[in-house]
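> Hey, dropping data13.txt in here, compact mmCIF, C-alpha atoms and all ligand atoms:
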```
# COMPACT_ATOMS: atom_id res chain seq x y z
CA MET D 1 71.71 117.32 5.26
CA PRO D 2 72.62 120.80 3.97
CA LEU D 3 71.02 123.54 6.02
CA ASP D 4 68.20 125.47 4.38
CA PRO D 5 69.57 129.04 4.15
CA ALA D 6 66.00 130.38 4.07
CA ALA D 7 65.10 128.85 7.47
CA GLU D 8 64.74 131.48 10.16
CA THR D 9 66.98 131.41 13.21
CA VAL D 10 65.14 132.31 16.42
CA ILE D 11 66.55 132.89 19.88
CA THR D 12 64.83 133.82 23.12
CA ALA D 13 65.82 136.80 25.25
CA PHE D 14 64.36 139.20 27.80
CA HIS D 15 62.78 142.59 27.16
CA ALA D 16 62.11 143.33 30.82
CA GLY D 17 63.74 142.30 34.07
CA PRO D 18 65.92 143.63 36.87
CA PRO D 19 67.78 146.73 35.56
CA ALA D 20 71.06 145.28 36.88
CA VAL D 21 70.99 142.44 34.39
CA GLN D 22 70.50 144.55 31.27
CA GLY D 23 73.61 144.18 29.14
CA LEU D 24 74.49 140.87 30.78
CA VAL D 25 71.74 138.40 29.87
CA ARG D 26 73.23 135.46 28.01
CA ASP D 27 71.33 135.98 24.74
CA LEU D 28 74.12 138.55 24.22
CA ARG D 29 76.54 135.66 23.57
CA LEU D 30 74.44 134.40 20.66
CA ARG D 31 73.74 137.86 19.26
CA TRP D 32 77.50 138.51 19.30
CA ALA D 33 78.25 135.29 17.39
CA PHE D 34 75.57 136.11 14.80
CA GLU D 35 77.04 139.59 14.32
CA GLU D 36 80.56 138.19 13.89
CA ILE D 37 79.41 136.10 10.91
CA GLY D 38 76.62 138.35 9.59
CA ARG D 39 73.92 135.75 10.21
CA PRO D 40 70.36 137.07 10.50
CA TYR D 41 68.23 136.01 13.46
CA ARG D 42 65.08 137.00 15.27
CA ALA D 43 64.84 137.44 19.04
CA GLU D 44 61.61 136.39 20.71
CA THR D 45 61.59 138.34 23.97
CA PHE D 46 59.90 137.86 27.35
CA ASP D 47 59.50 139.62 30.66
CA ALA D 48 61.95 137.89 33.02
CA PHE D 49 59.42 138.09 35.84
CA ALA D 50 56.45 136.74 33.90
CA PRO D 51 55.68 133.03 34.05
CA ARG D 52 56.53 131.26 30.84
CA SER D 53 54.26 128.76 29.16
CA ALA D 54 54.61 125.06 29.94
CA GLU D 55 55.56 124.65 26.29
CA TYR D 56 58.67 126.80 26.84
CA LEU D 57 60.19 124.04 28.99
CA GLN D 58 60.42 121.95 25.83
CA ARG D 59 62.70 124.63 24.44
CA GLN D 60 64.70 125.36 27.59
CA PRO D 61 64.33 122.74 30.34
CA PHE D 62 65.42 125.18 33.08
CA ASN D 63 62.94 127.85 31.93
CA GLN D 64 65.80 130.20 31.11
CA VAL D 65 66.97 132.21 28.13
CA PRO D 66 68.37 131.83 25.59
CA ALA D 67 66.84 128.98 23.64
CA PHE D 68 67.76 128.54 19.98
CA ASP D 69 66.08 127.08 16.92
CA ASP D 70 67.23 127.37 13.33
CA GLY D 71 64.52 125.12 11.93
CA HIS D 72 66.92 122.17 11.97
CA GLN D 73 68.27 121.85 15.46
CA PRO D 74 66.56 123.21 18.55
CA LEU D 75 69.16 123.81 21.25
CA PHE D 76 69.66 125.31 24.69
CA GLU D 77 72.85 126.14 26.67
CA THR D 78 74.91 128.94 25.22
CA GLY D 79 78.05 126.78 25.15
CA ALA D 80 76.36 124.12 23.02
CA ILE D 81 74.73 126.70 20.75
CA LEU D 82 78.03 128.47 20.15
CA LEU D 83 79.73 125.15 19.36
CA TYR D 84 76.95 124.42 16.87
CA LEU D 85 77.44 127.82 15.24
CA GLY D 86 81.21 127.33 15.27
CA GLU D 87 80.81 124.04 13.42
CA GLN D 88 79.17 126.04 10.65
CA ASP D 89 81.60 128.94 10.40
CA GLU D 90 85.35 128.98 10.84
CA ARG D 91 85.29 132.61 11.93
CA LEU D 92 83.89 131.24 15.20
CA LEU D 93 85.83 127.97 15.45
CA PRO D 94 89.11 127.24 13.64
CA ARG D 95 89.20 124.29 11.27
CA ASP D 96 92.72 123.09 12.05
CA PRO D 97 92.47 120.40 14.75
CA GLY D 98 94.94 122.06 17.13
CA GLY D 99 93.23 125.45 16.97
CA ARG D 100 89.79 123.89 17.13
CA TRP D 101 90.56 121.90 20.27
CA GLN D 102 92.26 124.86 21.93
CA ALA D 103 89.09 126.89 21.33
CA ILE D 104 86.80 124.10 22.56
CA THR D 105 88.95 123.59 25.65
CA TRP D 106 88.81 127.31 26.48
CA ALA D 107 85.09 127.42 25.81
CA PHE D 108 84.67 124.73 28.48
CA ALA D 109 87.13 126.51 30.78
CA ALA D 110 85.16 129.76 30.50
CA LEU D 111 81.95 127.96 31.46
CA SER D 112 83.15 125.41 33.97
CA SER D 113 86.27 126.96 35.56
CA VAL D 114 85.89 130.74 35.27
CA GLU D 115 82.12 131.29 35.38
CA PRO D 116 81.52 129.23 38.57
CA ALA D 117 84.40 131.11 40.23
CA VAL D 118 83.08 134.60 39.45
CA SER D 119 79.30 134.04 39.56
CA PRO D 120 78.83 133.85 43.34
CA LEU D 121 80.60 137.20 43.74
CA VAL D 122 78.69 138.78 40.87
CA VAL D 123 75.31 137.54 42.09
CA THR D 124 76.05 138.64 45.67
CA ASN D 125 77.04 142.13 44.53
CA MET D 126 74.24 142.56 42.03
CA ILE D 127 71.29 140.94 43.75
CA HIS D 128 72.04 140.20 47.42
CA ARG D 129 74.16 143.18 48.44
CA ASP D 130 71.80 144.16 51.28
CA LYS D 131 71.46 140.67 52.77
CA PRO D 132 72.98 140.23 56.25
CA TRP D 133 75.28 137.45 54.99
CA ALA D 134 76.56 139.44 51.99
CA ASP D 135 79.75 140.89 53.53
CA PRO D 136 81.29 137.67 54.92
CA ALA D 137 80.19 135.72 51.84
CA ARG D 138 81.72 138.35 49.55
CA GLU D 139 85.11 137.90 51.24
CA ALA D 140 85.08 134.15 50.60
CA PHE D 141 83.88 134.56 47.03
CA LEU D 142 86.48 137.27 46.36
CA GLN D 143 89.33 134.95 47.33
CA HIS D 144 88.26 132.38 44.76
CA THR D 145 87.73 135.04 42.09
CA HIS D 146 91.24 136.45 42.71
CA ARG D 147 92.76 132.99 42.41
CA VAL D 148 91.10 132.38 39.03
CA LEU D 149 91.89 135.87 37.71
CA GLY D 150 95.56 135.33 38.60
CA HIS D 151 95.71 132.10 36.60
CA LEU D 152 93.76 133.67 33.75
CA SER D 153 96.25 136.56 33.59
CA GLU D 154 99.06 134.06 33.06
CA ALA D 155 97.08 132.17 30.40
CA LEU D 156 96.32 135.41 28.53
CA ALA D 157 99.84 136.88 28.71
CA GLY D 158 101.09 137.81 25.24
CA LYS D 159 97.84 136.82 23.53
CA ASP D 160 95.13 138.85 21.88
CA TRP D 161 92.65 135.95 22.07
CA ILE D 162 92.54 133.11 24.54
CA ALA D 163 92.90 130.29 21.99
CA GLY D 164 95.13 132.10 19.50
CA THR D 165 92.58 133.42 16.99
CA PHE D 166 89.22 134.93 17.92
CA SER D 167 86.65 132.19 18.55
CA ILE D 168 83.58 131.16 20.52
CA ALA D 169 85.94 130.77 23.49
CA ASP D 170 86.40 134.56 23.53
CA ILE D 171 82.66 135.20 23.29
CA LEU D 172 82.18 132.97 26.33
CA LEU D 173 85.18 134.15 28.33
CA ALA D 174 84.60 137.87 27.73
CA THR D 175 80.90 137.64 28.60
CA VAL D 176 81.76 135.68 31.76
CA LEU D 177 84.18 138.47 32.74
CA ARG D 178 81.88 141.41 31.90
CA PRO D 179 79.83 141.34 35.13
CA LEU D 180 83.04 141.88 37.12
CA ASP D 181 82.68 145.55 36.11
CA ARG D 182 79.96 145.69 38.72
CA THR D 183 82.63 145.09 41.40
CA PRO D 184 84.52 148.42 41.10
CA GLY D 185 88.30 148.17 41.00
CA LEU D 186 88.41 144.38 40.92
CA LEU D 187 90.08 144.11 37.52
CA ASP D 188 92.56 146.91 38.30
CA GLY D 189 94.91 144.30 39.72
CA TYR D 190 94.69 142.25 36.52
CA PRO D 191 95.66 144.56 33.63
CA VAL D 192 96.11 141.69 31.18
CA VAL D 193 92.57 140.45 31.86
CA ALA D 194 91.15 143.99 31.78
CA ALA D 195 92.87 144.67 28.43
CA TYR D 196 91.57 141.38 27.01
CA LYS D 197 88.02 142.19 28.08
CA ALA D 198 88.28 145.69 26.58
CA ARG D 199 89.67 144.23 23.34
CA ALA D 200 86.72 141.84 23.07
CA GLU D 201 84.20 144.57 23.92
CA GLY D 202 85.82 146.78 21.29
CA ARG D 203 84.86 144.47 18.42
CA PRO D 204 82.26 146.06 16.12
CA ALA D 205 80.20 142.85 16.26
CA PHE D 206 80.04 143.11 20.04
CA HIS D 207 78.83 146.72 19.80
CA ARG D 208 76.04 145.75 17.42
CA ALA D 209 75.02 142.79 19.56
CA LEU D 210 74.93 144.85 22.74
CA ALA D 211 72.93 147.60 21.03
CA ASP D 212 70.29 145.09 19.88
CA HIS D 213 70.24 143.38 23.29
CA LEU D 214 69.64 146.74 25.03
CA ALA D 215 67.17 147.92 22.38
CA ALA D 216 64.83 145.07 23.36
CA PHE D 217 64.57 146.57 26.87
CA GLN D 218 64.37 150.15 25.63
CA GLN D 219 61.64 149.45 23.07
CA HIS D 220 59.60 147.79 25.75
CA GLU D 221 60.01 150.76 28.11
CA THR D 222 59.05 153.13 25.31
CA ALA D 223 55.99 151.00 24.72
CA GLY D 224 54.89 151.87 28.26
CA GLU D 225 56.10 149.15 30.60
CA PRO D 226 59.10 149.67 32.87
CA ALA D 227 61.97 147.21 32.30
N1 LIG D 301 73.84 127.70 31.43
C1 LIG D 301 72.79 128.46 30.77
C2 LIG D 301 72.40 129.58 31.71
C3 LIG D 301 71.19 130.35 31.22
C4 LIG D 301 70.80 131.42 32.22
O1 LIG D 301 71.30 131.47 33.36
N2 LIG D 301 69.87 132.29 31.81
C5 LIG D 301 69.42 133.35 32.68
C6 LIG D 301 69.61 134.70 32.01
S1 LIG D 301 71.31 135.03 31.72
C7 LIG D 301 67.93 133.21 32.94
O2 LIG D 301 67.17 132.91 32.05
N3 LIG D 301 67.53 133.49 34.19
C8 LIG D 301 66.15 133.50 34.56
C9 LIG D 301 65.80 132.34 35.42
O3 LIG D 301 66.69 131.53 35.78
O4 LIG D 301 64.62 132.24 35.73
C10 LIG D 301 73.30 128.98 29.42
O5 LIG D 301 74.50 129.29 29.32
O6 LIG D 301 72.52 129.07 28.46
```
Turn the structure described in the file into structure tokens.

Amino acid sequence: MPLDPAAETVITAFHAGPPAVQGLVRDLRLRWAFEEIGRPYRAETFDAFAPRSAEYLQRQPFNQVPAFDDGHQPLFETGAILLYLGEQDERLLPRDPGGRWQAITWAFAALSSVEPAVSPLVVTNMIHRDKPWADPAREAFLQHTHRVLGHLSEALAGKDWIAGTFSIADILLATVLRPLDRTPGLLDGYPVVAAYKARAEGRPAFHRALADHLAAFQQHETAGEPA
């Protein structure tokens, strides 16, 4: 069935939450994809600390953001949503089978090989830094992060984009890598990865997406409630 171009696309996001997560919440991945293809959308925003309605679990079974609905296909999980968007626009997912499968493979790698390797370190540094177990845990998590960053450096060598041309794989991989900024100096040992991340963050679509993501928090603060 052809999609109704007039149907509104809605995503969920946060407008308040721990300051450390501003700029990193995963709605940014969807906003970035929309900006790459000039697709309008509306963000329905919540306070991360406020309980969500029981109805919200129908939209996102883990009570998280983002959820997505374009009037045709309600979805959750950023990887699935980006694949869905990629199916609709070759600027996000190449049409030639080789390029398409490279991009899909790297989208999965970003989410299931890189993100699980970096998340424990990121979460420890951002949220649990003062816990008594943080220092020894950080050492163990760092080792795994270094191992993955080393392999990623080799995979990225000589490439602008992880799967050849820019795709959803880069939106996922770059947003998985972004929180590593919060571990000062970590990427210094991986100039290829650092340059890749900077290249992705330099895209005009990323700038617009980040500005809108941050504006949700700022507008809420201006309206009188701290983020
Ligand atoms: N695998 C999910 C992860 C979603 C996720 O972790 N969302 C976070 C924000 S980035 C969230 O809503 N956290 C609040 C919570 O878990 O209560 C996806 O990629 O969509």
> Pick from D:Leu210, D:Ala7, D:Ala48, D:Leu93: nearest to ligand LIG 301 (chain D), with all atoms listed in the file counted?
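Of D:Leu210, D:Ala7, D:Ala48, D:Leu93, the one nearest ligand LIG 301 (chain D) is D:Ala48, counting all atoms listed in the file.
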> Excluding same-chain residues fewer than 2 positions from Val122 of chain D, what lies within 12 Å of it counting all atoms listed in the file, as number ranges by chain?
D: 20-21, 24, 115-120, 124-129, 134, 137-138, 141-142, 145, 176-184, 186
> Pick out the residues no farther than 8 Å from ligand LIG 301 (chain D), counting only C-alpha atoms and all ligand atoms, and list them as a list in words.
Ala13, Val21, Leu24, Val25, Arg26, Asp27, Ala48, Phe49, Phe62, Asn63, Gln64, Val65, Pro66, Ala67, Phe76, Glu77, Thr78, Gly79 and Leu111 of chain D
> List the neighbours of Leu214 of chain D out to 7 Å using only C-alpha atoms; skip same-chain residues closer than 4 positions along the sequence, and give me the result as a list in words.
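Residues meeting the cut-off are Gln22, Gly23, Leu210 and Gln218 of chain D.
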> To one decimal in Å, tell me the separation between atom CA of Ala43 of chain D and atom CA of Ala223 of chain D.
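These atoms are spaced 17.2 Å apart.
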> How many Å separate atom CA of Arg42 of chain D from atom CA of Leu173 of chain D?
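Going from atom CA of Arg42 of chain D over to atom CA of Leu173 of chain D, I get 24.1 Å.
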> Within 12 Å of segment 193-197 of chain D, which residues of segment 44-162 of chain D come that close, and what is the closest atom pair and distance in Å for each? Count only C-alpha atoms and give it as a Markdown table.

```
| residue | atom | partner | partner_atom | distance |
| --- | --- | --- | --- | --- |
| D:His146 | CA | D:Val193 | CA | 11.6 |
| D:Val148 | CA | D:Val193 | CA | 10.9 |
| D:Leu149 | CA | D:Val193 | CA | 7.5 |
| D:Gly150 | CA | D:Val193 | CA | 9.0 |
| D:His151 | CA | D:Val193 | CA | 10.1 |
| D:Leu152 | CA | D:Val193 | CA | 7.1 |
| D:Ser153 | CA | D:Val193 | CA | 5.6 |
| D:Glu154 | CA | D:Val193 | CA | 9.2 |
| D:Ala155 | CA | D:Val193 | CA | 9.5 |
| D:Leu156 | CA | D:Val193 | CA | 7.1 |
| D:Ala157 | CA | D:Val193 | CA | 8.7 |
| D:Gly158 | CA | D:Tyr196 | CA | 10.3 |
| D:Lys159 | CA | D:Tyr196 | CA | 8.5 |
| D:Asp160 | CA | D:Tyr196 | CA | 6.7 |
| D:Trp161 | CA | D:Tyr196 | CA | 7.4 |
| D:Ile162 | CA | D:Tyr196 | CA | 8.7 |
```
> Using the file's own x, y and z axes, what box holds all listed atoms of segment 131-145 of chain D with 5 Å on each side, keeping edges along x, y and z, and what are its centre and edge lengths in Å to one decimal, as JSON?

```
{"center_x": 80.4, "center_y": 136.6, "center_z": 49.2, "size_x": 27.9, "size_y": 18.5, "size_z": 24.2}
```
> Which value, in Å to one decimal, gives the distance between atom CA of Gly98 of chain D and atom CA of Tyr84 of chain D?
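If I compute the distance from atom CA of Gly98 of chain D to atom CA of Tyr84 of chain D, I get 18.1 Å.
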> Give me, as a Markdown table, the closest atom pair and its distance (Å, one decimal) for every residue of segment 86-189 of chain D within a cut-off of 10 Å of segment 201-207 of chain D, counting all atoms listed in the file, rows sorted by chain and rising number.

```
| residue | atom | partner | partner_atom | distance |
| --- | --- | --- | --- | --- |
| D:Ile171 | CA | D:Phe206 | CA | 8.9 |
| D:Ala174 | CA | D:Glu201 | CA | 7.7 |
| D:Thr175 | CA | D:Glu201 | CA | 9.0 |
| D:Arg178 | CA | D:Glu201 | CA | 8.9 |
```
> Show which residues sit within 9 Å of Leu83 of chain D, as a CSV table (one decimal) with C-alpha atoms, keeping the file's coordinate frame. Count all atoms listed in the file, and ignore same-chain residues fewer than 3 positions away.

```
chain,number,residue,atom,x,y,z
D,78,THR,CA,74.9,128.9,25.2
D,79,GLY,CA,78.0,126.8,25.2
D,80,ALA,CA,76.4,124.1,23.0
D,86,GLY,CA,81.2,127.3,15.3
D,87,GLU,CA,80.8,124.0,13.4
D,88,GLN,CA,79.2,126.0,10.6
D,92,LEU,CA,83.9,131.2,15.2
D,93,LEU,CA,85.8,128.0,15.4
D,104,ILE,CA,86.8,124.1,22.6
D,107,ALA,CA,85.1,127.4,25.8
D,168,ILE,CA,83.6,131.2,20.5
```
> Taking into account all atoms listed in the file, which residue in the set D:Ala209, D:Ala169, D:Ala50, D:Asp188 is nearest to Ala16 of chain D?
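So, comparing all the options, the nearest one is D:Ala50.
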> Taking all atoms listed in the file into account, which of D:Ser53, D:Arg147, D:Ala6, D:Glu44 comes nearest Gly189 of chain D?
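Among the listed residues, the smallest separation from Gly189 of chain D belongs to D:Arg147.
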> Could you check the closest approach to Ala163 of chain D for each of D:Gln102, D:Tyr190, D:His144, D:Val123 and tell me which residue wins, using all atoms listed in the file?
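Closest candidate: D:Gln102.
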> So which one's closest to His213 of chain D, D:Glu8, D:Trp32, D:Pro136, D:Gly17? Using only C-alpha atoms, please.
D:Trp32
